[in-house]
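Visitor: This is the structure I want to talk about, given as structure tokens.
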Number of protein chains: 4
Amino acid sequence: MRMKTLLLTGFEPFQGLPSNPSEQTVKLLHQKKIGGCRVTGRILPVVFLEAWRQISGWIEELSPDAVLMLGLAAGRTKISVERVAINCCAGADSSGKQYEDAPIEPAGDDAYFATLPLRAIVERLKGDGLPAEISSSAGTYVCNYVMYRVLHAFKRRGPAVPAGLIHLPADHGLALLQPAYPSWSIRDLSRAVRLAVETIWPAA
Amino acid sequence: MRMKTLLLTGFEPFQGLPSNPSEQTVKLLHQKKIGGCRVTGRILPVVFLEAWRQISGWIEELSPDAVLMLGLAAGRTKISVERVAINCCAGADSSGKQYEDAPIEPAGDDAYFATLPLRAIVERLKGDGLPAEISSSAGTYVCNYVMYRVLHAFKRRGPAVPAGLIHLPADHGLALLQPAYPSWSIRDLSRAVRLAVETIWPAA
Amino acid sequence: MRMKTLLLTGFEPFQGLPSNPSEQTVKLLHQKKIGGCRVTGRILPVVFLEAWRQISGWIEELSPDAVLMLGLAAGRTKISVERVAINCCAGADSSGKQYEDAPIEPAGDDAYFATLPLRAIVERLKGDGLPAEISSSAGTYVCNYVMYRVLHAFKRRGPAVPAGLIHLPADHGLALLQPAYPSWSIRDLSRAVRLAVETIWPAA
Amino acid sequence: MRMKTLLLTGFEPFQGLPSNPSEQTVKLLHQKKIGGCRVTGRILPVVFLEAWRQISGWIEELSPDAVLMLGLAAGRTKISVERVAINCCAGADSSGKQYEDAPIEPAGDDAYFATLPLRAIVERLKGDGLPAEISSSAGTYVCNYVMYRVLHAFKRRGPAVPAGLIHLPADHGLALLQPAYPSWSIRDLSRAVRLAVETIWPAA
């Protein structure tokens with residue numbers, strides 16, 4: 001059986017922070033064989049249009065069997081498997097471009113559900129001792145934006161490719177700089193993502 | 001010019017709590033003339049199917065010019081004007097009926113945006129000194145359920161009727177019982193809802 | 001019977017904020033007759049040494065029958081009646097003077113308990129529908145500093161004068177600027193302080 | 001040079017929870033040589049009088065060179081090195097005994113400062129990438145109670161023995177049961193305590 005390919009994306013540091021646990025996690029898992037798939041890791045800029053341009057290019061290039069996007073949700077205490085992306089973007093990105101509640105795709109649906117096995121991922125993580133939950137809001141910033149555009153693109157095509165986004169809590173390193181953030185170690189964060197990948201494509 | 005009619009709904013107390021600020025607020029504003037409309041207040045049970053049966057009956061009966069639903073979001077610190085309702089319900093309602101991530105309308109869209117002037121409501125409240133924000137998640141409980149079904153029903157009809165849901169923080173009375181909840185006075189909560197109604201239908 | 005005098009202090013705005021609910025509350029209650037006493041309100045700078053210089057001067061001048069200090073504890077959700085002030089100061093004040101865990105009074109005790117009827121105040125506020133609690137930390141900033149010095153000074157004198165500090169949550173106006181803060185209306189905050197004063201010296 | 005002895009205490013599970021990270025951490029470090037000392041681990045019941053009876057017995061028996069108590073502060077996000085214990089106890093313990101703001105030692109001071117190198121411990125943990133802070137309140141429950149009684153007892157004796165208490169955040173296992181708790185892995189918690197011990201008695 002052909003080895004599956006999973007495209008795993010993280011984001012660059014943003015808003016003046018020196019690191020981003022989604023980037024650190026992607027770098028740790030890049031090229032790893034996890035469960036029944038091999039991970040191809042890529043890092044996105046926190047820039048609305050450019051992030052989509054890059055991820056859509058990688059999807060063309062790699063024809064991945066699944067797409068798992070990671071993002072940082074500083075302030076959350078658990079691994080948040082996002083249920084839905086909405087057709088709305090807001091905030092200023094790293095290029096300085098600012099949106100205020102603008103539609104992402106004027107002809108798109110109001111929202112799209114992720115096509116990952118959300119409940120199975122959450123149960124797997126909890127079964128391994130890691131707090132996790134399904135979240136019903138990926139926000140309106142670049143995370144929601146790429147999640148919406150990826151789901152919109154796959155919806156218009158033929159056979160389904162599982163796709164979705166997981167928000168990570170801050171890591172301990174960020175919490176040293178922003179004391180209000182709850183935090184996990186990078187080790188715990190990357191273990192959680194590894195388990196999520198195994199849930200999408202278990203080893204044969 | 002005909003006086004407009006606004007259907008304003010709140011919920012009964014639930015989960016063992018003795019009161020619900022959404023109910024208290026609706027009772028304070030029932031029959032009041034606010035801005036360019038008269039408010040008709042109604043109280044819903046925290047029961048998925050029955051809440052929809054009742055609110056759809058009142059919409060038939062009253063043909064309101066706008067529908068504003070209120071709910072309690074204990075734990076939030078601000079007035080939350082909800083942006084979107086999703087096609088998913090979860091949790092056990094007051095009748096004991098339990099759902100786990102079930103679709104509300106199998107043939108419905110994944111989500112519907114509220115058709116209220118969200119940004120104008122938030123700016124109006126803030127202009128009057130009351131913290132408010134647009135929220136991107138109404139949860140997956142009965143609040144999201146009735147909001148989804150109302151928006152789905154109006155979407156299938158002809159001319160648009162502004163409809164949506166506002167989540168209230170806990171009131172001081174509930175915070176006496178559940179000390180972890182941030183809280184407002186009922187007076188502040190009802191002033192916020194009054195301002196929201198005025199924003200939907202300003203006085204001529 | 002002679003009318004009692006209560007010295008009620010608040011603080012100036014600080015750390016770039018445009019207002020301070022402790023100042024606003026003191027101004028609303030200044031010169032008011034509440035319960036069995038008349039309130040004399042005074043506003044302190046958020047400056048360690050100068051705040052003490054001023055409050056000790058007022059105590060000399062007024063010989064108050066009780067001293068109630070108010071401060072802002074942005075982030076808290078309830079009225080916090082402080083139990084204890086500790087012999088430690090830290091942080092940079094509005095004059096730029098910075099301390100890092102320095103003793104306030106090298107010969108003082110490690111801490112002093114407030115001499116207000118803490119439990120009675122909390123029960124009175126809750127009885128009137130306002131969330132309140134005894135707090136076991138007034139922090140290490142200027143609030144704790146003046147509370148410590150006032151309690152230290154009274155401890156060395158003869159007859160006891162009830163003294164202590166109440167921390168207020170942020171008000172709605174501050175929460176408009178700092179969205180992470182839970183908030184109350186100034187009306188609710190000043191009602192709470194009025195009830196606390198009535199508890200210290202009930203009307204005859 | 002004689003190897004130093006450090007008495008490290010944790011608490012049994014309480015309030016219906018199945019485990020306590022302070023107990024788990026003590027068991028991991030018991031009998032370990034850390035820095036310049038050997039750790040003797042002991043587990044306390046969450047019972048006011050009995051906890052003090054046991055820890056005072058171990059201090060008699062072991063004559064430790066330092067006493068480090070650990071407790072659980074569910075809801076906190078960082079390692080909290082406690083600055084002060086106050087002469088007040090409140091709450092119902094595991095034996096059902098209930099106190100409401102009672103003095104611990106009627107003839108004791110209002111509070112005692114910990115005699116550990118607080119700032120050095122916090123800086124050491126942060127230098128190793130673990131969020132930590134000095135806390136100014138150990139609460140009024142059994143943690144504060146044993147900390148107060150140990151500090152009171154050492155204060156009345158001759159040569160000083162460093163003593164204090166560190167509050168741990170919930171661990172991931174507890175957060176699975178109580179989803180509102182921020183959490184760390186037991187691995188991260190025990191690494192933090194190990195670093196704290198090394199700071200008290202560095203290797204020669």
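Identifiers in the structure tokens: chain A, B, ... in order shown; residue index from 1 per chain; ligand index from 1 in order shown.
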Skipping near chain neighbours, those fewer than 4 positions away, what residues fall within 7 Å of stretch 28-35 of chain A using only C-alpha atoms, listed as a VMD selection string?
Guide: chain A and resid 24 39 to 41 194 197 to 198 201 to 203
Visitor: Write out as a PyMOL selection string each polymer residue whose atoms come within 7 Å of A:Leu116, counting only C-alpha atoms; drop sequence neighbours fewer than 6 positions from it.
Guide: chain A and resi 162-164
Visitor: Save out the residues we just selected, all heavy atoms, as a compact mmCIF listing (two decimals), in the first residue's frame.
Guide:
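Contents of result_34.txt, as written:
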```
# COMPACT_ATOMS: atom_id res chain seq x y z
N PRO A 162 -9.35 14.80 3.80
CA PRO A 162 -9.56 15.30 5.16
C PRO A 162 -8.70 16.54 5.41
O PRO A 162 -7.51 16.54 5.11
CB PRO A 162 -9.11 14.14 6.05
CG PRO A 162 -9.17 12.93 5.17
CD PRO A 162 -8.90 13.40 3.78
N ALA A 163 -9.33 17.58 5.92
CA ALA A 163 -8.61 18.84 6.17
C ALA A 163 -9.20 19.54 7.38
O ALA A 163 -10.40 19.46 7.64
CB ALA A 163 -8.70 19.75 4.95
N GLY A 164 -8.33 20.24 8.10
CA GLY A 164 -8.80 21.00 9.26
C GLY A 164 -7.64 21.65 9.98
O GLY A 164 -6.49 21.59 9.52
```
Visitor: Assign secondary structure with DSSP using the backbone only, and return the residues of stretch 55-183 of chain D in helix (DSSP H, G or I) as a PyMOL selection string.
Guide: chain D and resi 55-62+118-127+142-156+172-177
Visitor: I'd like the neighbourhood of stretch 80-89 of chain C as number ranges by chain, where a residue qualifies if any of its atoms comes within 8 Å (using only C-alpha atoms), though same-chain residues fewer than 3 positions away should be ignored.
Guide: C: 99-105, 108-114, 118, 121-122, 132-138, 140-142, 144-145, 147-148, 164-168
Visitor: Please save C-alpha atoms of the selected residues as a short mmCIF file (atom, residue, chain, number, x, y, z; two decimals), in the first residue's frame.
Guide:
```cif
data_model
loop_
_atom_site.label_atom_id
_atom_site.label_comp_id
_atom_site.auth_asym_id
_atom_site.auth_seq_id
_atom_site.Cartn_x
_atom_site.Cartn_y
_atom_site.Cartn_z
CA TYR C 99 11.21 48.46 44.13
CA GLU C 100 11.86 44.76 43.88
CA ASP C 101 10.61 42.88 46.91
CA ALA C 102 11.92 45.44 49.39
CA PRO C 103 10.67 45.60 52.99
CA ILE C 104 8.34 48.53 53.67
CA GLU C 105 9.30 48.88 57.33
CA GLY C 108 7.85 46.01 61.07
CA ASP C 109 6.12 42.67 61.31
CA ASP C 110 5.94 40.48 58.20
CA ALA C 111 2.28 41.42 57.82
CA TYR C 112 -0.72 42.99 59.58
CA PHE C 113 -4.34 41.96 59.43
CA ALA C 114 -6.93 44.58 58.52
CA LEU C 118 -14.24 41.79 56.96
CA ILE C 121 -18.84 43.58 55.06
CA VAL C 122 -18.81 40.63 52.68
CA ALA C 132 -17.89 40.05 47.33
CA GLU C 133 -15.17 38.04 49.01
CA ILE C 134 -12.37 38.31 51.53
CA SER C 135 -9.08 38.36 49.64
CA SER C 136 -5.84 37.14 51.18
CA SER C 137 -3.53 39.22 48.98
CA ALA C 138 -3.50 42.95 48.37
CA THR C 140 2.84 44.16 46.58
CA TYR C 141 2.12 47.45 44.84
CA VAL C 142 1.02 50.85 46.22
CA ASN C 144 -0.58 47.01 49.81
CA TYR C 145 2.04 49.64 50.70
CA MET C 147 -2.46 49.54 53.77
CA TYR C 148 0.65 48.15 55.48
CA GLY C 164 -8.33 48.37 55.79
CA LEU C 165 -8.51 48.32 52.02
CA ILE C 166 -11.10 47.18 49.50
CA HIS C 167 -10.07 46.31 45.95
CA LEU C 168 -12.60 47.12 43.23
#
```
Visitor: So the first atom is atom CA of D:Leu176 and the second is atom CA of A:Gly129; what is the distance between them in Å, to one decimal place?
Guide: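 The value is 7.3 Å.
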Visitor: Skip A:Leu7 itself and residues of its chain fewer than 2 positions away, then list as a ChimeraX atom specification all residues within 9 Å of it, counting only C-alpha atoms.
Guide: /A:5,9,38-42,58-59,62-69
Visitor: For the contact check between chain B and chain C, emit one row per residue of chain B within 7 Å, containing the shortest atom pair and the distance in Å rounded to one decimal, counting only C-alpha atoms, chain then rising number order, as JSON lines.
Guide:
```
{"residue": "B:Thr77", "atom": "CA", "partner": "C:Pro182", "partner_atom": "CA", "distance": 5.1}
{"residue": "B:Lys126", "atom": "CA", "partner": "C:Leu176", "partner_atom": "CA", "distance": 6.8}
{"residue": "B:Gly129", "atom": "CA", "partner": "C:Gly173", "partner_atom": "CA", "distance": 5.8}
{"residue": "B:Leu130", "atom": "CA", "partner": "C:His172", "partner_atom": "CA", "distance": 5.9}
{"residue": "B:Pro131", "atom": "CA", "partner": "C:Leu176", "partner_atom": "CA", "distance": 5.4}
{"residue": "B:His172", "atom": "CA", "partner": "C:Leu130", "partner_atom": "CA", "distance": 5.9}
{"residue": "B:Gly173", "atom": "CA", "partner": "C:Gly129", "partner_atom": "CA", "distance": 5.8}
{"residue": "B:Ala175", "atom": "CA", "partner": "C:Pro131", "partner_atom": "CA", "distance": 6.3}
{"residue": "B:Leu176", "atom": "CA", "partner": "C:Pro131", "partner_atom": "CA", "distance": 5.4}
{"residue": "B:Pro182", "atom": "CA", "partner": "C:Thr77", "partner_atom": "CA", "distance": 5.1}
{"residue": "B:Trp184", "atom": "CA", "partner": "C:Trp184", "partner_atom": "CA", "distance": 5.9}
```
Visitor: I want to know what sits within 9 Å of C:Glu23, based on only C-alpha atoms, with residues of the same chain fewer than 4 positions away left out; could you give that as a list in words?
Guide: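 Selected residues are Thr9, Gly10, Phe11, Glu12, Pro13, Ser19, Lys27, Leu28, Arg42, Ile43, Leu44, Leu70 and Gly71 of chain C.
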Visitor: What does the distance between atom CA of A:Ala196 and atom CA of A:Glu50 come to in Å, to one decimal place?
Guide: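 Separation between atom CA of A:Ala196 and atom CA of A:Glu50: 26.6 Å.
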Visitor: Quick one: pull the distance between atom CA of B:Asn20 and atom CA of C:Ile186, Å, one decimal.
Guide: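 Taking atom CA of B:Asn20 as the start and atom CA of C:Ile186 as the end point, the length is 23.2 Å.
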Visitor: Would you give me, as an MDAnalysis selection string, the residues in stretch 99-128 of chain C that DSSP reads as strand (DSSP E or B)?
Guide: chainID C and resid 99:102 111:113
